[in-house]
Amino acid sequence: SPVSVGSGHATISPDGKWIAESSRASHKLMLQPVGLGEPKELPTPGLHAFENSEWSDDGRFLVYEGQTEQSDWNVYFQSVAGGPPVLVQAGARDSFPKISPDGGMVALRKDRGGINLYPLNGSQPVALQGVEESEYPVRFVKDGKSLLVADANGRGLVLTLVDLADGKRALWKSFEAQAVQTTSVVAIATPDLKYYAYSSPRHSSILYIVDSLR
């Protein structure tokens with residue numbers, strides 16, 4: 001049966017053993033065990049809200065958007081073993097951060113469209129060639145050599161593989177999906193692309209007929 005770990009935002013680790021969760025009430029980023037074990041609080045000084053968190057494929061790192069006490073949203077990278085968060089990009093919101101399999105790079109959607117790649121060795125970010133302004137990152141694939149990107153345009157959902165080296169595009173999947181919003185995650189996939197899921201919200205309404213109006 002379902003077990004509640006609290007209200008707020010949550011994402012499960014790749015091995016299914018931990019859940020990274022946060023709530024605006026607690027102002028904490030917690031690792032909750034799935035099953036027996038003690039919760040762990042990640043040190044996040046100066047941050048009080050967390051959204052769009054993602055695990056690395058090996059479960060050693062998290063990347064997320066964190067809100068400062070000055071209400072600024074930034075993207076941070078953090079080891080789940082401990083240590084403070086590392087700033088990846090300041091002033092980033094709804095950027096859909098994703099980590100490469102080796103934990104050495106983060107992909108972010110830019111405010112004005114397009115995707116930047118941020119090496120975590122201190123090098124300058126570079127713009128990913130071959131992506132559309134409306135696309136956002138879903139996950140790194142092919143051992144980190146390609147990025148799966150999504151375009152949710154309200155008429156459908158298109159998933160495309162983009163080669164990091166030359167920007168070459170290859171259509172992967174296309175779905176009809178009405179009223180897809182790009183301010184929340186609408187597609188996920190496993191590293192081998194064997195399994196995937198996407199959301200397609202449906203909205204219902206009631207039509208009333210009123211007689212004898214004067």
# chains A, B, ... in the order shown; residues from 1 in each chain; ligands from 1

call {"tool": "select_by_dssp", "arguments": {"residues": "stretch 12-141 of chain A", "states": "strand (DSSP E)", "output": "PyMOL selection string"}}
result
chain A and resi 12+18-23+28-33+40-42+47-55+61-68+73-79+86-89+98-99+105-109+115-119+126-127+136-141

call {"tool": "residues_around", "arguments": {"residues": "stretch 59-73 of chain A", "least_positions_apart": "5", "cutoff": "10 Å", "atoms": "only C-alpha atoms", "output": "PDB file with N, CA, C and O atoms, in the first residue's frame"}}
result
ATOM      1  N   ILE A  12      12.433   9.998  -6.970  1.00  0.00           N
ATOM      2  CA  ILE A  12      13.029   8.765  -6.443  1.00  0.00           C
ATOM      3  C   ILE A  12      14.373   8.509  -7.100  1.00  0.00           C
ATOM      4  O   ILE A  12      14.587   8.843  -8.275  1.00  0.00           O
ATOM      5  N   SER A  13      15.306   7.927  -6.341  1.00  0.00           N
ATOM      6  CA  SER A  13      16.642   7.639  -6.859  1.00  0.00           C
ATOM      7  C   SER A  13      16.584   6.518  -7.887  1.00  0.00           C
ATOM      8  O   SER A  13      15.641   5.715  -7.894  1.00  0.00           O
ATOM      9  N   PRO A  14      17.581   6.420  -8.776  1.00  0.00           N
ATOM     10  CA  PRO A  14      17.563   5.386  -9.812  1.00  0.00           C
ATOM     11  C   PRO A  14      17.500   3.958  -9.269  1.00  0.00           C
ATOM     12  O   PRO A  14      16.908   3.083  -9.917  1.00  0.00           O
ATOM     13  N   ASP A  15      18.079   3.715  -8.089  1.00  0.00           N
ATOM     14  CA  ASP A  15      18.033   2.363  -7.526  1.00  0.00           C
ATOM     15  C   ASP A  15      16.771   2.114  -6.705  1.00  0.00           C
ATOM     16  O   ASP A  15      16.572   1.015  -6.173  1.00  0.00           O
ATOM     17  N   GLY A  16      15.911   3.122  -6.577  1.00  0.00           N
ATOM     18  CA  GLY A  16      14.656   2.967  -5.864  1.00  0.00           C
ATOM     19  C   GLY A  16      14.779   2.930  -4.363  1.00  0.00           C
ATOM     20  O   GLY A  16      13.809   2.587  -3.675  1.00  0.00           O
ATOM     21  N   LYS A  17      15.939   3.319  -3.809  1.00  0.00           N
ATOM     22  CA  LYS A  17      16.152   3.210  -2.374  1.00  0.00           C
ATOM     23  C   LYS A  17      15.945   4.519  -1.606  1.00  0.00           C
ATOM     24  O   LYS A  17      15.779   4.504  -0.388  1.00  0.00           O
ATOM     25  N   TRP A  18      15.967   5.650  -2.314  1.00  0.00           N
ATOM     26  CA  TRP A  18      15.849   6.939  -1.649  1.00  0.00           C
ATOM     27  C   TRP A  18      14.893   7.847  -2.406  1.00  0.00           C
ATOM     28  O   TRP A  18      14.763   7.749  -3.629  1.00  0.00           O
ATOM     29  N   ALA A  20      14.249  11.975  -2.773  1.00  0.00           N
ATOM     30  CA  ALA A  20      14.607  13.357  -2.461  1.00  0.00           C
ATOM     31  C   ALA A  20      13.317  14.160  -2.419  1.00  0.00           C
ATOM     32  O   ALA A  20      12.579  14.206  -3.395  1.00  0.00           O
ATOM     33  N   HIS A  27      11.292  23.895   4.539  1.00  0.00           N
ATOM     34  CA  HIS A  27      12.454  24.627   4.023  1.00  0.00           C
ATOM     35  C   HIS A  27      13.708  23.751   4.017  1.00  0.00           C
ATOM     36  O   HIS A  27      14.820  24.259   4.170  1.00  0.00           O
ATOM     37  N   LEU A  29      15.782  20.142   2.225  1.00  0.00           N
ATOM     38  CA  LEU A  29      15.892  19.129   1.186  1.00  0.00           C
ATOM     39  C   LEU A  29      16.296  17.836   1.875  1.00  0.00           C
ATOM     40  O   LEU A  29      17.396  17.731   2.425  1.00  0.00           O
ATOM     41  N   THR A  44      21.802  22.829   2.948  1.00  0.00           N
ATOM     42  CA  THR A  44      21.451  23.803   1.908  1.00  0.00           C
ATOM     43  C   THR A  44      21.370  25.194   2.518  1.00  0.00           C
ATOM     44  O   THR A  44      20.297  25.807   2.543  1.00  0.00           O
ATOM     45  N   PRO A  45      22.476  25.724   3.020  1.00  0.00           N
ATOM     46  CA  PRO A  45      22.431  27.043   3.690  1.00  0.00           C
ATOM     47  C   PRO A  45      21.972  28.144   2.738  1.00  0.00           C
ATOM     48  O   PRO A  45      22.417  28.228   1.594  1.00  0.00           O
ATOM     49  N   GLY A  46      21.052  28.970   3.238  1.00  0.00           N
ATOM     50  CA  GLY A  46      20.574  30.101   2.458  1.00  0.00           C
ATOM     51  C   GLY A  46      19.469  29.778   1.478  1.00  0.00           C
ATOM     52  O   GLY A  46      18.970  30.675   0.796  1.00  0.00           O
ATOM     53  N   LEU A  47      19.048  28.513   1.409  1.00  0.00           N
ATOM     54  CA  LEU A  47      17.984  28.109   0.491  1.00  0.00           C
ATOM     55  C   LEU A  47      16.770  27.653   1.297  1.00  0.00           C
ATOM     56  O   LEU A  47      16.922  27.005   2.338  1.00  0.00           O
ATOM     57  N   HIS A  48      15.569  27.940   0.809  1.00  0.00           N
ATOM     58  CA  HIS A  48      14.379  27.561   1.569  1.00  0.00           C
ATOM     59  C   HIS A  48      13.277  26.948   0.709  1.00  0.00           C
ATOM     60  O   HIS A  48      12.209  26.626   1.226  1.00  0.00           O
ATOM     61  N   ALA A  49      13.517  26.757  -0.590  1.00  0.00           N
ATOM     62  CA  ALA A  49      12.535  26.077  -1.442  1.00  0.00           C
ATOM     63  C   ALA A  49      13.293  25.370  -2.558  1.00  0.00           C
ATOM     64  O   ALA A  49      14.329  25.866  -3.018  1.00  0.00           O
ATOM     65  N   PHE A  50      12.743  24.223  -2.988  1.00  0.00           N
ATOM     66  CA  PHE A  50      13.449  23.377  -3.957  1.00  0.00           C
ATOM     67  C   PHE A  50      12.442  22.781  -4.935  1.00  0.00           C
ATOM     68  O   PHE A  50      11.408  22.264  -4.521  1.00  0.00           O
ATOM     69  N   GLU A  51      12.773  22.848  -6.213  1.00  0.00           N
ATOM     70  CA  GLU A  51      11.904  22.278  -7.238  1.00  0.00           C
ATOM     71  C   GLU A  51      12.741  21.719  -8.382  1.00  0.00           C
ATOM     72  O   GLU A  51      13.933  22.001  -8.498  1.00  0.00           O
ATOM     73  N   ASN A  52      12.084  20.916  -9.232  1.00  0.00           N
ATOM     74  CA  ASN A  52      12.713  20.344 -10.424  1.00  0.00           C
ATOM     75  C   ASN A  52      14.019  19.612 -10.103  1.00  0.00           C
ATOM     76  O   ASN A  52      15.034  19.766 -10.792  1.00  0.00           O
ATOM     77  N   SER A  53      14.009  18.816  -9.042  1.00  0.00           N
ATOM     78  CA  SER A  53      15.203  18.063  -8.675  1.00  0.00           C
ATOM     79  C   SER A  53      15.334  16.810  -9.535  1.00  0.00           C
ATOM     80  O   SER A  53      14.337  16.191  -9.914  1.00  0.00           O
ATOM     81  N   GLU A  54      16.578  16.445  -9.847  1.00  0.00           N
ATOM     82  CA  GLU A  54      16.877  15.270 -10.663  1.00  0.00           C
ATOM     83  C   GLU A  54      18.097  14.563 -10.099  1.00  0.00           C
ATOM     84  O   GLU A  54      19.053  15.196  -9.664  1.00  0.00           O
ATOM     85  N   GLN A  78      24.651  19.014  -6.251  1.00  0.00           N
ATOM     86  CA  GLN A  78      25.045  18.618  -4.897  1.00  0.00           C
ATOM     87  C   GLN A  78      25.257  17.121  -4.806  1.00  0.00           C
ATOM     88  O   GLN A  78      24.512  16.326  -5.392  1.00  0.00           O
ATOM     89  N   SER A  79      26.287  16.735  -4.059  1.00  0.00           N
ATOM     90  CA  SER A  79      26.539  15.327  -3.779  1.00  0.00           C
ATOM     91  C   SER A  79      25.624  14.871  -2.650  1.00  0.00           C
ATOM     92  O   SER A  79      25.486  15.565  -1.641  1.00  0.00           O
ATOM     93  N   VAL A  80      25.015  13.700  -2.799  1.00  0.00           N
ATOM     94  CA  VAL A  80      24.132  13.203  -1.750  1.00  0.00           C
ATOM     95  C   VAL A  80      24.940  12.666  -0.571  1.00  0.00           C
ATOM     96  O   VAL A  80      24.380  12.400   0.495  1.00  0.00           O
ATOM     97  N   ALA A  81      26.255  12.500  -0.748  1.00  0.00           N
ATOM     98  CA  ALA A  81      27.102  12.036   0.351  1.00  0.00           C
ATOM     99  C   ALA A  81      27.378  13.141   1.356  1.00  0.00           C
ATOM    100  O   ALA A  81      27.833  12.874   2.464  1.00  0.00           O
ATOM    101  N   GLY A  82      27.098  14.392   0.979  1.00  0.00           N
ATOM    102  CA  GLY A  82      27.328  15.507   1.879  1.00  0.00           C
ATOM    103  C   GLY A  82      28.030  16.650   1.168  1.00  0.00           C
ATOM    104  O   GLY A  82      28.395  16.547  -0.002  1.00  0.00           O
ATOM    105  N   PRO A  85      25.725  22.753  -1.549  1.00  0.00           N
ATOM    106  CA  PRO A  85      25.380  22.810  -2.965  1.00  0.00           C
ATOM    107  C   PRO A  85      26.340  23.700  -3.732  1.00  0.00           C
ATOM    108  O   PRO A  85      26.886  24.666  -3.192  1.00  0.00           O
ATOM    109  N   VAL A  86      26.540  23.367  -4.988  1.00  0.00           N
ATOM    110  CA  VAL A  86      27.422  24.133  -5.877  1.00  0.00           C
ATOM    111  C   VAL A  86      26.546  24.868  -6.892  1.00  0.00           C
ATOM    112  O   VAL A  86      25.720  24.251  -7.568  1.00  0.00           O
ATOM    113  N   LEU A  87      26.727  26.170  -6.995  1.00  0.00           N
ATOM    114  CA  LEU A  87      25.936  26.964  -7.930  1.00  0.00           C
ATOM    115  C   LEU A  87      26.315  26.613  -9.367  1.00  0.00           C
ATOM    116  O   LEU A  87      27.487  26.638  -9.739  1.00  0.00           O
ATOM    117  N   VAL A  88      25.309  26.279 -10.173  1.00  0.00           N
ATOM    118  CA  VAL A  88      25.513  26.001 -11.596  1.00  0.00           C
ATOM    119  C   VAL A  88      25.156  27.226 -12.425  1.00  0.00           C
ATOM    120  O   VAL A  88      25.919  27.660 -13.286  1.00  0.00           O
ATOM    121  N   GLN A  89      23.982  27.807 -12.153  1.00  0.00           N
ATOM    122  CA  GLN A  89      23.526  28.978 -12.898  1.00  0.00           C
ATOM    123  C   GLN A  89      22.612  29.812 -12.017  1.00  0.00           C
ATOM    124  O   GLN A  89      21.665  29.296 -11.429  1.00  0.00           O
ATOM    125  N   ALA A  90      22.906  31.096 -11.929  1.00  0.00           N
ATOM    126  CA  ALA A  90      22.062  32.015 -11.172  1.00  0.00           C
ATOM    127  C   ALA A  90      20.913  32.498 -12.052  1.00  0.00           C
ATOM    128  O   ALA A  90      21.031  32.592 -13.270  1.00  0.00           O
ATOM    129  N   GLY A  91      19.793  32.794 -11.410  1.00  0.00           N
ATOM    130  CA  GLY A  91      18.652  33.347 -12.128  1.00  0.00           C
ATOM    131  C   GLY A  91      18.014  32.394 -13.102  1.00  0.00           C
ATOM    132  O   GLY A  91      17.586  32.804 -14.183  1.00  0.00           O
ATOM    133  N   ALA A  92      17.943  31.119 -12.730  1.00  0.00           N
ATOM    134  CA  ALA A  92      17.357  30.102 -13.623  1.00  0.00           C
ATOM    135  C   ALA A  92      16.082  29.560 -12.998  1.00  0.00           C
ATOM    136  O   ALA A  92      16.072  29.142 -11.844  1.00  0.00           O
ATOM    137  N   ARG A  93      15.010  29.552 -13.786  1.00  0.00           N
ATOM    138  CA  ARG A  93      13.710  29.070 -13.303  1.00  0.00           C
ATOM    139  C   ARG A  93      13.046  28.281 -14.417  1.00  0.00           C
ATOM    140  O   ARG A  93      13.101  28.662 -15.591  1.00  0.00           O
ATOM    141  N   ASP A  94      12.401  27.148 -14.040  1.00  0.00           N
ATOM    142  CA  ASP A  94      11.789  26.248 -15.018  1.00  0.00           C
ATOM    143  C   ASP A  94      12.795  25.884 -16.104  1.00  0.00           C
ATOM    144  O   ASP A  94      12.504  25.925 -17.300  1.00  0.00           O
ATOM    145  N   SER A  95      13.999  25.521 -15.661  1.00  0.00           N
ATOM    146  CA  SER A  95      15.095  25.225 -16.587  1.00  0.00           C
ATOM    147  C   SER A  95      15.255  23.733 -16.854  1.00  0.00           C
ATOM    148  O   SER A  95      16.069  23.349 -17.683  1.00  0.00           O
ATOM    149  N   PHE A  96      14.517  22.886 -16.137  1.00  0.00           N
ATOM    150  CA  PHE A  96      14.540  21.432 -16.315  1.00  0.00           C
ATOM    151  C   PHE A  96      15.974  20.882 -16.274  1.00  0.00           C
ATOM    152  O   PHE A  96      16.436  20.252 -17.229  1.00  0.00           O
ATOM    153  N   PRO A  97      16.727  21.100 -15.194  1.00  0.00           N
ATOM    154  CA  PRO A  97      18.129  20.662 -15.145  1.00  0.00           C
ATOM    155  C   PRO A  97      18.265  19.145 -15.212  1.00  0.00           C
ATOM    156  O   PRO A  97      17.517  18.412 -14.583  1.00  0.00           O
ATOM    157  N   LYS A  98      19.268  18.691 -15.988  1.00  0.00           N
ATOM    158  CA  LYS A  98      19.570  17.264 -16.131  1.00  0.00           C
ATOM    159  C   LYS A  98      21.074  17.061 -16.011  1.00  0.00           C
ATOM    160  O   LYS A  98      21.861  17.898 -16.466  1.00  0.00           O
ATOM    161  N   ILE A  99      21.474  15.922 -15.405  1.00  0.00           N
ATOM    162  CA  ILE A  99      22.888  15.624 -15.195  1.00  0.00           C
ATOM    163  C   ILE A  99      23.338  14.546 -16.174  1.00  0.00           C
ATOM    164  O   ILE A  99      22.616  13.575 -16.410  1.00  0.00           O
ATOM    165  N   PRO A 101      25.558  11.259 -17.381  1.00  0.00           N
ATOM    166  CA  PRO A 101      25.804  10.009 -16.630  1.00  0.00           C
ATOM    167  C   PRO A 101      27.054  10.039 -15.754  1.00  0.00           C
ATOM    168  O   PRO A 101      27.077   9.415 -14.692  1.00  0.00           O
ATOM    169  N   ASP A 102      28.100  10.747 -16.180  1.00  0.00           N
ATOM    170  CA  ASP A 102      29.322  10.789 -15.382  1.00  0.00           C
ATOM    171  C   ASP A 102      29.312  11.899 -14.342  1.00  0.00           C
ATOM    172  O   ASP A 102      30.283  12.080 -13.602  1.00  0.00           O
ATOM    173  N   GLY A 103      28.209  12.646 -14.260  1.00  0.00           N
ATOM    174  CA  GLY A 103      28.109  13.715 -13.281  1.00  0.00           C
ATOM    175  C   GLY A 103      28.953  14.927 -13.601  1.00  0.00           C
ATOM    176  O   GLY A 103      29.161  15.784 -12.734  1.00  0.00           O
ATOM    177  N   VAL A 106      25.797  19.533 -16.735  1.00  0.00           N
ATOM    178  CA  VAL A 106      24.377  19.784 -16.509  1.00  0.00           C
ATOM    179  C   VAL A 106      23.805  20.492 -17.731  1.00  0.00           C
ATOM    180  O   VAL A 106      24.423  21.419 -18.266  1.00  0.00           O
TER     181      VAL A 106
END

call {"tool": "closest_atom_pairs", "arguments": {"of": "stretch 50-109 of chain A", "to": "stretch 162-171 of chain A", "cutoff": "12 Å", "atoms": "only C-alpha atoms", "output": "Markdown table"}}
result
| residue | atom | partner | partner_atom | distance |
| --- | --- | --- | --- | --- |
| A:Ser100 | CA | A:Leu164 | CA | 11.4 |
| A:Met105 | CA | A:Leu164 | CA | 11.6 |
| A:Ala107 | CA | A:Leu164 | CA | 10.8 |

call {"tool": "atom_distance", "arguments": {"atom1": "atom CA of A:Glu38", "atom2": "atom CA of A:Tyr76"}}
result
24.4 Å

call {"tool": "closest_atom_pairs", "arguments": {"of": "stretch 78-121 of chain A", "to": "stretch 131-134 of chain A", "cutoff": "10 Å", "atoms": "only C-alpha atoms", "output": "CSV"}}
result
residue,atom,partner,partner_atom,distance
A:Arg109,CA,A:Glu133,CA,8.9
A:Lys110,CA,A:Glu133,CA,8.6
A:Asp111,CA,A:Glu133,CA,9.6
A:Arg112,CA,A:Glu133,CA,7.4
A:Gly113,CA,A:Glu133,CA,4.0
A:Gly114,CA,A:Glu133,CA,4.3
A:Ile115,CA,A:Val131,CA,7.1

call {"tool": "atom_distance", "arguments": {"atom1": "atom CA of A:Leu159", "atom2": "atom CA of A:Ile19"}}
result
26.6 Å

call {"tool": "atom_distance", "arguments": {"atom1": "atom CA of A:Gly122", "atom2": "atom CA of A:Gly144"}}
result
18.5 Å
